[in-house]
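Colleague: If you scroll down you'll find the structure; I have some questions about it.
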Amino acid sequence: MPLINASFSTHVLLKDRKTQIVTKSSISKTTNRQKPTKAILAKDAKSPANADLSKDELIGFYREMVRIRRFEERSLRAYQQGRIAGFLHLYIGQESIAVGSISLMGENDHVITAYRDHGHALAVGMNMNECMAELFGKSTGCSKGKGGSMHYFDPSKNYWGGHGIVAGQTPLGAGLAYGLKYQGKKGCALCFLGDGAINQGAFHESLNIASLWNLPVVYIIENNGYSMGTSQERSSMHPDLGLAARAEGYSMNWAHINGESIFDIREGVKKAMDLAREESKPSLLEIHTYRYQGHSIADANHKKYRTKEEIDDYRKNHDPLSLYREYLLDAKLLTDEGMKEIDIAAKAEAEESAKFADESPFPPESDILKDVYWEEDHPDQKLSEGRIFFND
């Protein structure tokens, strides 16, 4: 099996193993990135992963992207109003990745991500009320108000977080894939991470074991270019080849994907998911994207390590939501009026979720030791001996 599956490569990067020639582009740059034209999007829409999509499905992708953005914008307001404490990592600008990738999930597919997790949660079907309430630290939140922004969970939807330790989710993603293989289930694990996680030891250990054991996992780097505030060029070696090329050291398939095109995302991720399901082979995908806000809302320097012109250029020329909106209009799949209705509904839903969160109660003090150890919450099924908590 070749280290690089050539069919994975998109128009962003193409590498021929025989000649070892790399067609370079600004894949590691956030500036001067080529905008996907209407013609490119129309072509991508006819690719195998997208050709059979119905009108309702295509509009549904747009609706989900709008819902994520309006939720994030409303949570930003709540943070500024002092209703949310702690960290808040927004997904604005990256919506196409979660929506495009998760739209491909089946019954036995699982997803796990890092702390920029709101978009993935909404994309798997979690509702705004439970998500906003979690941000507010309320008992009606998806993690009962104990997790906050970085720790969304919903096992009923095969959604396993939401993890605050950089790269901490990557061995867990391998574990999910191992579980599928052990149980003989035809599925895969989607494990999302940021570009700041790729230099962590746990990530490389995960790639090694995933390839060594042929685990059905797809690692997806959401490369927004700056990690916590340091550009990729300053933090990682071989930026011309990109971060995904590190998979070569583990005999793993890899590819670059244009995060500005939801069609390109679906095409590239589907190939990796099919490889995982059919052959139990792992892949490493690098999806190029951008975040409008800082690493978190507490990042006061996000306009110092990048220019205002760069941010404005991305908003104007590379915004995945705007580009997809233009595609839908041009293809006459949705009208301006229809888009306004979707936007109004998303804003109303986000506003209602903030009201729900504000009116919900905080967790009672008596719950402080619950949901820590399973056996303590289910003493009739406890198998271990001795005490776990020492409070006296």
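For the structure tokens, the naming scheme is as follows: chains receive sequential letters (A, B, ...) according to their order of presentation, residues are indexed from 1 within each chain, and ligands are indexed from 1 in presentation order.
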Please provide as number ranges by chain all residues within 12 Å of Asn208 (chain A), with the sequence filter that same-chain residues fewer than 6 positions apart are discarded (counting only C-alpha atoms).
Modeller: A: 170-171, 174, 201-202, 214-215, 246-252, 282-284
Colleague: Find the residues near Ser101 (chain A): any atom within 12 Å, counting only C-alpha atoms, skip ones fewer than 2 places away on the same chain, and give them as a ChimeraX atom specification.
Modeller: /A:49,61,94-99,103-106,109-111,119-120,123-124,189-192,218-220,222,257,259,261-273,285,287
Colleague: Which residues, written as JSON, numbers by chain, have at least one atom at most 10 Å from Leu41 (chain A), with only C-alpha atoms counted and residues fewer than 3 positions away on the same chain left out?
Modeller: {"A": [36, 37, 38, 44, 45, 46, 260, 261, 262, 263, 264, 323, 324, 326, 327]}
Colleague: Could you dump the residues just selected with N, CA and C atoms as a PDB file, in the first residue's frame?
Modeller:
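Full text of result-v8.pdb as output:
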ATOM      1  N   PRO A  36     -12.023  29.500  -3.657  1.00  0.00           N
ATOM      2  CA  PRO A  36     -12.769  28.561  -4.493  1.00  0.00           C
ATOM      3  C   PRO A  36     -13.819  29.333  -5.316  1.00  0.00           C
ATOM      4  N   THR A  37     -13.692  29.304  -6.604  1.00  0.00           N
ATOM      5  CA  THR A  37     -14.643  30.019  -7.458  1.00  0.00           C
ATOM      6  C   THR A  37     -15.954  29.252  -7.533  1.00  0.00           C
ATOM      7  N   LYS A  38     -16.966  29.888  -8.101  1.00  0.00           N
ATOM      8  CA  LYS A  38     -18.252  29.212  -8.298  1.00  0.00           C
ATOM      9  C   LYS A  38     -18.082  27.982  -9.178  1.00  0.00           C
ATOM     10  N   ASP A  44     -16.878  20.551  -7.638  1.00  0.00           N
ATOM     11  CA  ASP A  44     -16.798  19.745  -6.420  1.00  0.00           C
ATOM     12  C   ASP A  44     -18.146  19.116  -6.068  1.00  0.00           C
ATOM     13  N   ALA A  45     -19.218  19.830  -6.377  1.00  0.00           N
ATOM     14  CA  ALA A  45     -20.562  19.337  -6.060  1.00  0.00           C
ATOM     15  C   ALA A  45     -20.924  18.087  -6.854  1.00  0.00           C
ATOM     16  N   LYS A  46     -20.199  17.835  -7.939  1.00  0.00           N
ATOM     17  CA  LYS A  46     -20.470  16.669  -8.784  1.00  0.00           C
ATOM     18  C   LYS A  46     -19.547  15.499  -8.477  1.00  0.00           C
ATOM     19  N   GLU A 260     -12.589  25.635   2.841  1.00  0.00           N
ATOM     20  CA  GLU A 260     -13.542  26.645   2.398  1.00  0.00           C
ATOM     21  C   GLU A 260     -14.652  26.049   1.537  1.00  0.00           C
ATOM     22  N   SER A 261     -14.485  24.798   1.128  1.00  0.00           N
ATOM     23  CA  SER A 261     -15.469  24.111   0.298  1.00  0.00           C
ATOM     24  C   SER A 261     -16.029  22.918   1.042  1.00  0.00           C
ATOM     25  N   ILE A 262     -17.296  22.965   1.377  1.00  0.00           N
ATOM     26  CA  ILE A 262     -17.910  21.847   2.084  1.00  0.00           C
ATOM     27  C   ILE A 262     -17.919  20.596   1.210  1.00  0.00           C
ATOM     28  N   PHE A 263     -17.934  20.784  -0.105  1.00  0.00           N
ATOM     29  CA  PHE A 263     -17.900  19.644  -1.014  1.00  0.00           C
ATOM     30  C   PHE A 263     -16.530  18.972  -1.000  1.00  0.00           C
ATOM     31  N   ASP A 264     -15.483  19.759  -0.980  1.00  0.00           N
ATOM     32  CA  ASP A 264     -14.126  19.228  -0.914  1.00  0.00           C
ATOM     33  C   ASP A 264     -13.924  18.472   0.394  1.00  0.00           C
ATOM     34  N   LEU A 323     -19.340  31.565   0.824  1.00  0.00           N
ATOM     35  CA  LEU A 323     -19.078  30.868  -0.435  1.00  0.00           C
ATOM     36  C   LEU A 323     -20.172  29.845  -0.732  1.00  0.00           C
ATOM     37  N   TYR A 324     -20.607  29.131   0.296  1.00  0.00           N
ATOM     38  CA  TYR A 324     -21.667  28.138   0.087  1.00  0.00           C
ATOM     39  C   TYR A 324     -22.997  28.818  -0.196  1.00  0.00           C
ATOM     40  N   GLU A 326     -23.361  31.614  -1.810  1.00  0.00           N
ATOM     41  CA  GLU A 326     -23.293  32.025  -3.213  1.00  0.00           C
ATOM     42  C   GLU A 326     -23.537  30.841  -4.144  1.00  0.00           C
ATOM     43  N   TYR A 327     -23.013  29.682  -3.772  1.00  0.00           N
ATOM     44  CA  TYR A 327     -23.232  28.487  -4.591  1.00  0.00           C
ATOM     45  C   TYR A 327     -24.713  28.133  -4.657  1.00  0.00           C
TER      46      TYR A 327
END
Colleague: Out of A:Phe136, A:Tyr292, A:Asp56, A:Pro216, which residue has the shortest atom-to-atom distance to Gln81 (chain A) when counting only C-alpha atoms?
Modeller: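 The answer is A:Phe136, which sits nearest to Gln81 (chain A).
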Colleague: Skipping near chain neighbours, those fewer than 3 positions away, what residues fall within 12 Å of Tyr178 (chain A) using only C-alpha atoms, listed as a list in words?
Modeller: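 The filter keeps His110, Pro171, Leu172, Gly173, Ala174, Gly175, Lys181, Tyr182, Gln183, Gly184, Lys185, Lys186, Gly187, Cys188, Ala189, Ser206, Ile209, Ala210, Ser211, Leu212, Trp213, Asn214, Leu215, Pro216, Val217, Ala276, Ser280, Lys281 and Pro282 of chain A.
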Colleague: Pro361 (chain A): which residues within 9 Å, counting only C-alpha atoms, same-chain residues fewer than 4 positions away excluded, as a PyMOL selection string?
Modeller: chain A and resi 137-140+357
Colleague: If we count only C-alpha atoms, what is near Phe87 (chain A) at a cut-off of 8 Å, once residues fewer than 5 positions away on the same chain are taken out, given as an MDAnalysis selection string?
Modeller: chainID A and resid 149:150 296:298
Colleague: Could you please determine the separation between CA of Thr307 (chain A) and CA of His256 (chain A) in Å, to one decimal place?
Modeller: 25.1 Å
Colleague: Quick one: residues within 7 Å of Arg70 (chain A), only C-alpha atoms counted, chain neighbours fewer than 6 positions away excluded, as number ranges by chain?
Modeller: A: 346-347, 350
Colleague: Of the candidates A:Gly164, A:Met128, A:His288, A:Lys35, which one gets nearest to Gly86 (chain A) if we count only C-alpha atoms?
Modeller: A:Gly164
Colleague: Between CA of Arg325 (chain A) and CA of Arg77 (chain A), measure the distance and give it in Å to one decimal.
Modeller: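 About the pair CA of Arg325 (chain A) and CA of Arg77 (chain A): they are 24.7 Å apart.
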